[in-house]
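What follows is a set of notes on a single structure, which appears directly below.
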Amino acid sequence: MDVKNRKAIVSWMMMVMFFLALSANFPGCFSAASQQSNKRKSTHPKAAKGFGSSLLFPVTGNVYPLGYYSISLTIGHPPKAFEFDIDTGSDLTWVPNVMHLAPPVDHLYKPKKHILVPCEHPSCDAIHFPESPRCETPDDQCHFEVDYVDHGSALGVVVTDFFSLRLMNGSLIRPHLTFGCAYDLKNPGPYPPPSTAGVLGLGNGKASILSQLQSFDLTRNVLGHCLSGKVGGFLFLGDDIVPSGIGWMPMSADSKHYLSSPAELLYGGKPTGIKDLKVTRGLYGKPLDTVQDKALPICWEGTKPFKSIHDVKNYFSTLTLSFTNTRNIQLRLQPEAYLIVTEHGNACLGILNGTEAGLEDFNIIGCEK
C-alpha cells in the first residue's frame, strides 16, 4: 500500500490571502484566488457563464470555544448529508468509512466497490503530488494518509462519487468528485476532535474540491468566507459575490498553501520592529495583568472577568500586517479580530507562535486544524 504523509497547516499566511483590505460592510470576509490551471477535459455539464456559477454554503461554528467552522455537503446516490470541518491547509476532502469505524452511523460513508479509484488514475497522482504513488499493479486501490499539526491523522482509500451542489443561479449540478474514505482515524492530542463527519480540504492543490470544480469548468477558482464575530457565516466558491473595493495581492506559485509575501507587524500604526512572520510580541505595557489560561499561551485579566470582547477591546489597538513585497496592501486587525475572551473571563491573544507549535516560520491567527 502506498501512502503519503501530508501536513495540513492553517497559517496566518494562508488566512491573510483572503480579502486583504477589509470592507466595512464585510468585517469578517476573506477571499483567495488561485491561478492554477488544469487542462483536463470535463465530462460534466458546464455551469452558465456570468452571474450564478458560484456556490454558497452556510457556515456554523466559531473560533472559541469550538475551535472550528463547518459546512454540510451531500454525497452519493441516494444523497446523504455530511458535516465537514473546513480546512484551508490541506487539499484532500475525506469522510469516515462505515465499514471500519464505530457509530454513529449517520456520520459514516459506505463506499461501493465500483467507485474506488485505482492507483494509476490521474486523481491518485494529484493526491500524492509532488510524489508519485507506488503501484504494484494497475488495479491496486489508491490510498491516502493525511497528518495534521495537532498530531491527528486519517488513513483510507480514495473514491469518487456524486456531490449534489446548488449553484447561485438555482441550477443543481451533480459532479463526480474525488475524495477520501477514511478507515483509520487518530487523534492523540489533548483536545477532542470536532463532532463533524470529516474534513473539507480547500487547499491550493489539484486534489481539492475547489480545484476539481474549476477543472470541470463548473466554477472559477476563487474561495472566500465571511465569518460572524459571534457564530457562523458563509463560505463561497466562485467569484460572483466578491465584494467591491477589495485589494488583491499575488500568492506564491511554488506552494500548495495560500502564501503571500512576508509582512511587517504594526501596532497602533507604529512599527514594532517585528518582521517576516514574527507576530506574537509587542502587545505588552497595557494596564492589564498577564495571567495563565489553558485556552491560549498569552492572556490578560482585568479587575473582574470580561464578559465579552467589547469589555476588553479598548485596552488594545489595531494590529496591521504590512506586506513587504506588495505596495499599499495591508491587513488591519481590530482587537475583536485577534483577541478571544475565554470561559474564565480572560482576554487571550488569538495568534500562536508558529515556531513553538512546530510550524517553523508560520504563525497562526484564529484557529488551526
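Ligands are numbered from 1 in the order shown, residues from 1 within each chain, and chains are lettered A, B, ... in the order they appear in the C-alpha cells.
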
Region 216-258 of chain A: which residues are strand (DSSP E) by DSSP, as a tab-separated table (two decimals) with C-alpha atoms, in the first residue's frame?
chain	number	residue	atom	x	y	z
A	222	VAL	CA	-11.94	31.59	-6.11
A	223	LEU	CA	-12.51	30.80	-2.45
A	224	GLY	CA	-13.93	33.13	0.17
A	225	HIS	CA	-15.66	33.19	3.52
A	226	CYS	CA	-17.44	35.69	5.73
A	227	LEU	CA	-17.44	34.79	9.41
A	233	GLY	CA	-21.21	32.87	8.49
A	234	PHE	CA	-20.95	31.65	4.91
A	235	LEU	CA	-18.43	30.12	2.51
A	236	PHE	CA	-18.43	30.69	-1.25
A	237	LEU	CA	-16.67	29.05	-4.19

Handout entry: Spatial neighbours of Ala347 (chain A), max dist 8 Å, only C-alpha atoms, sep filter under 5 positions, as a ChimeraX atom specification
Key = /A:299-301,306,309,312,339-342

Practice task
Taking the DSSP assignment computed from this structure's backbone, write out as a PyMOL selection string all residues of region 138-281 of chain A that belong to helix (DSSP H, G or I).
Solution key: chain A and resi 209-215

Residues from the last selection, N, CA, C and O atoms, saved as a tab-separated table (two decimals), in the first residue's frame:
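Generated output (selection.tsv):
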chain	number	residue	atom	x	y	z
A	209	ILE	N	-11.45	20.09	-3.59
A	209	ILE	CA	-12.76	20.19	-4.23
A	209	ILE	C	-12.84	21.41	-5.13
A	209	ILE	O	-13.39	21.36	-6.24
A	210	LEU	N	-12.28	22.53	-4.68
A	210	LEU	CA	-12.31	23.76	-5.47
A	210	LEU	C	-11.58	23.57	-6.80
A	210	LEU	O	-12.08	23.95	-7.86
A	211	SER	N	-10.40	22.97	-6.76
A	211	SER	CA	-9.63	22.75	-7.99
A	211	SER	C	-10.36	21.79	-8.94
A	211	SER	O	-10.33	21.97	-10.17
A	212	GLN	N	-11.02	20.79	-8.38
A	212	GLN	CA	-11.76	19.85	-9.22
A	212	GLN	C	-12.93	20.54	-9.91
A	212	GLN	O	-13.17	20.34	-11.11
A	213	LEU	N	-13.67	21.35	-9.19
A	213	LEU	CA	-14.80	22.07	-9.78
A	213	LEU	C	-14.32	23.00	-10.88
A	213	LEU	O	-14.96	23.13	-11.94
A	214	GLN	N	-13.19	23.67	-10.66
A	214	GLN	CA	-12.65	24.57	-11.68
A	214	GLN	C	-12.20	23.79	-12.91
A	214	GLN	O	-12.38	24.23	-14.04
A	215	SER	N	-11.62	22.61	-12.70
A	215	SER	CA	-11.14	21.81	-13.83
A	215	SER	C	-12.29	21.33	-14.71
A	215	SER	O	-12.11	21.08	-15.90

Completion exercise
A straight line from CA of Asn314 (chain A) to CA of Leu265 (chain A) spans 19.5 Å

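For the atom pair formed by CA of Thr60 (chain A) and CA of Ile86 (chain A), the distance is 10.2 Å, given to one decimal.
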
Handout entry: Spatial neighbours of Pro305 (chain A), 9 Å, only C-alpha atoms, chain gap at least 2 places, as a list in words
Key =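 Near Pro305 (chain A), the qualifying residues are Glu301, Gly302, Thr303, Lys307, His344, Gly345, Asn346 and Ala347 of chain A.
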
Handout entry: Residue nearest Arg220 (chain A) among A:Ser153, A:Leu319, A:Asn328, A:Asp240 (counting only C-alpha atoms)
Key =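 For Arg220 (chain A), the nearest of the given residues is A:Asp240.
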
Exercise for the section: Identify, on the basis of only C-alpha atoms, every residue whose closest approach to Asn325 (chain A) does not exceed 10 Å; exclude the query and any residue fewer than 4 positions from it along the same chain; express the result as a list in words. Expected result: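 Counting only the stated atoms, we get Met249, Pro250, Ser260, Ser261, Pro262, Ala263 and Ile329 of chain A.
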
Handout entry: Spatial neighbours of region 68-80 of chain A, max dist 10 Å, only C-alpha atoms, sep filter under 3 positions, as a ChimeraX atom specification
Key = /A:57-65,83-87,106-112,160-165,174,176-177,193-200,227,231-235,366-369

Practice task
Have a look at A:Ala81, A:Cys135, A:Val158, A:Val149 and name the one nearest to Gly354 (chain A); count only C-alpha atoms.
Solution key: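 Closest residue, counting only C-alpha atoms: A:Val149.
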
Handout entry: Contacts of Leu266 (chain A) at 7 Å (only C-alpha atoms; same-chain gap of 3+ positions) as a count of residues only
Key = 7

Exercise for the section: Between A:Gln292, A:Thr326, A:Ser171, A:Thr137, single out the one closest to Gly247 (chain A), counting only C-alpha atoms. Expected result: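 Answer, going by the shortest atom-to-atom distance: A:Thr326.
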
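Computed from the coordinates, the CA of Tyr267 (chain A) to CA of Leu333 (chain A) distance equals 9.7 Å.
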